[in-house]
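Engineer: Structure incoming, see below.
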Amino acid sequence: MSFINYSSREINCKIVYYGPGLCGKTTNLQYIYNKTNPEAKGKMISLATETERTLFFDFLPLSLGEIRGFKTRFHLYTVPGQVFYDASRKLILKGVDGVVFVADSQIERMEANLESLENLRTNLAEQGYDLDKIPFVIQYNKRDLPNAAEAPELRRLLNPRLVPDFDASATLGNGVFDTLKAIAKLVLTELKKGG
Amino acid sequence: MDQQMVMYEEEFKLISAICERLTREANAKAVLLVDKNGQYITSHGEIDNLDTTSLASLTAGNIAATSGLAKLIGEKEFPNVFHEGEKDNLHLSIVAQRAILVVMFDQRSSLGLVRLRVKKASEELGGIFVTMIAKAQSHAQGTPFAEITDDDIDNLFSE
C-alpha cells in the first residue's frame with residue numbers, strides 16, 4: 001500500500017512489473033533508469049544470477065514531481081520471471097499499488113504469458129488483492145521481432161477486460177514510458193479515491 | 001492486505017525520538033526504521049554516506065525472504081535477524097508486524113547490548129504504530145489526495 005508521510009510531505013507508491021521469464025521486465029527498468037534525469041532517480045538495484053537472470057528483484061526509485069505540495073515517489077520492482085521462483089514473486093507483491101504485466105509478443109511464448117498472468121492473479125489473491133480491482137496495465141513487448149503475434153490476437157488472449165495496454169520494444173525504448181505513465185496515473189487516481 | 005500507512009507529524013516526532021535514543025543507548029552507528037514494504041521512514045546517526053532508499057528496499061526484501069524461510073520450517077517468523085560483517089554489523093527486527101528496525105553497529109557496541117536496547121525500543125514503537133494505524137483508518141476520508149484533479153496528475157507527466 002502507498003505510504004503517505006505528512007512529516008516529510010511525501011507519498012510513496014510501489015509498482016511491480018510482472019511477466020514470464022525473459023519477457024523484458026528488467027529491460028523496461030533499465031531503459032527508464034538510463035533515460036531519467038539523475039536528480040529524479042535513485043540507484044537501480046538488480047539481484048540477479050551470474051547469467052543476469054533476475055534472482056529476487058530489480059528495484060528502481062523514481063521521483064515524479066509534486067502534487068499539492070507532496071513529493072510523489074514511485075518504487076519500481078520487477079519479479080523473477082522463471083517459474084520456479086514463485087516463492088520470491090509472492091514476497092515482492094506485498095504492499096503493491098499497481099501492476100504492469102509485460103507480455104512477450106512472440107507466438108511461442110503465448111502459453112508462458114497465460115501461465116504467468118494466471119500466476120499473478122493467484123499470487124495477488126493470496127495477499128488479499130483482486131487483479132480486477134487494482135491499478136493494472138498490460139505491455140505487449142518485443143513488437144519489433146518478426147515472430148511477434150498479431151496485436152488483436154494478443155489482446156483477445158491476454159486482455160479480455162480491456163485494461164490500458166501498450167505495444168513496446170523495451171530494448172529500443174518504444175512504449176516503455178507510455179506504460180509507466182499509464183500505471184502511475186492509475187495508481188494516483190486510486191489514491192484520489194482514498195484507496 | 002495491509003492497511004494504508006499514514007505517518008503524521010506527531011507520531012513521526014515520537015518515532016524519531018526513540019530512534020535517536022536507541023542510537024545513543026545501544027552505542028550504534030545508525031538506526032533506521034523502514035516499512036515492511038520497503039519504504040524508508042526515518043533514521044538517526046551516521047547515515048550521510050548511506051543510500052537509505054536502497055537500504056530500505058533491500059531490508060524489506062531480506063525480512064520478507066527470512067519470513068518465508070521461517071514459514072517453511074513451521075515458524076511464524078524470525079523476528080530478529082543478525083548480519084555480521086568484518087567491521088560493521090546489522091541487526092534487523094520486526095516491529096508491530098508493520099515495520100523493521102535496523103541497527104547498524106561496530107566494535108564499540110555488542111550484539112547483547114543491541115538486542116537488549118532494541119527490545120525496549122520495539123515495544124515502544126509497537127505502541128505508536130498501533131495508534132498510527134488506528135488514526136489512519138479513522139482519517140481515511142480526509143486524505144489530501146481526495147481533492148487532486150486529473151490535471152494535477154497530468155501535470156506530472158507534462159514534459
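Letters A, B, ... mark the chains of the C-alpha cells in the order given; residue numbers begin at 1 per chain; ligand numbers begin at 1, in order shown.
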Can you check which residues of chain A have any atom within 9 Å of chain B? Use only C-alpha atoms and format it as a count of residues only.
Structural biologist: 46
Engineer: Can you pull out every residue from stretch 41-133 of chain A that DSSP, working from the backbone, puts in strand (DSSP E), and format the result as a PyMOL selection string?
Structural biologist: chain A and resi 45-48+54-67+70-78+98-104
Engineer: Which polymer residues have any atom within 8 Å of an atom of A:Pro20, counting only C-alpha atoms, with same-chain residues fewer than 4 positions away left out, as a count of residues only?
Structural biologist: 10
Engineer: What lies within 9 Å of A:Thr171 using only C-alpha atoms, ignoring chain neighbours under 4 positions off, as an MDAnalysis selection string?
Structural biologist: chainID A and resid 24 27:28 30:31 142
Engineer: Need to verify the contact set: B:Glu46, 10 Å, only C-alpha atoms, exclusion of same-chain residues closer than 3 positions in sequence. Can you return it as a PDB file with C-alpha atoms, in the first residue's frame?
Structural biologist:
```
ATOM      1  CA  THR B  23      21.321   5.041  18.689  1.00  0.00           C
ATOM      2  CA  ALA B  28      25.070   2.207  17.432  1.00  0.00           C
ATOM      3  CA  LYS B  29      26.426   3.889  14.317  1.00  0.00           C
ATOM      4  CA  ALA B  30      22.933   4.347  12.966  1.00  0.00           C
ATOM      5  CA  VAL B  31      19.344   3.313  13.500  1.00  0.00           C
ATOM      6  CA  SER B  43      16.780   7.273  10.700  1.00  0.00           C
ATOM      7  CA  ASN B  49      27.154   8.081   3.144  1.00  0.00           C
ATOM      8  CA  LEU B  50      24.322   5.602   3.224  1.00  0.00           C
ATOM      9  CA  MET B 104      23.973  -0.662  12.364  1.00  0.00           C
TER      10      MET B 104
END
```
Engineer: To one decimal in Å, tell me the separation between atom CA of B:Leu72 and atom CA of A:Asp97.
Structural biologist: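 Atom CA of A:Asp97 lies at a distance of 26.9 Å from atom CA of B:Leu72.
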Engineer: Excluding same-chain residues fewer than 6 positions from A:Arg9, what lies within 8 Å of it counting only C-alpha atoms, as an NGL selection string?
Structural biologist: :A and (69-71)
Engineer: Limited to N, CA and C atoms, could you put the picked residues into a file as a tab-separated table (two decimals), in the first residue's frame?
Structural biologist:
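Result saved to result-v2.tsv:
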```tsv
chain	number	residue	atom	x	y	z
A	69	GLY	N	1.90	19.93	-3.09
A	69	GLY	CA	2.94	20.05	-2.06
A	69	GLY	C	3.49	18.73	-1.56
A	70	PHE	N	3.01	17.63	-2.10
A	70	PHE	CA	3.56	16.32	-1.71
A	70	PHE	C	4.47	15.79	-2.82
A	71	LYS	N	5.69	15.38	-2.44
A	71	LYS	CA	6.58	14.77	-3.42
A	71	LYS	C	6.05	13.37	-3.74
```
Engineer: Using only C-alpha atoms, can you tell me which of A:Leu186, A:Leu47, A:Ala40, A:Ala168 comes closest to A:Asp144?
Structural biologist: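 Using only C-alpha atoms, the shortest distance to A:Asp144 belongs to A:Ala168.
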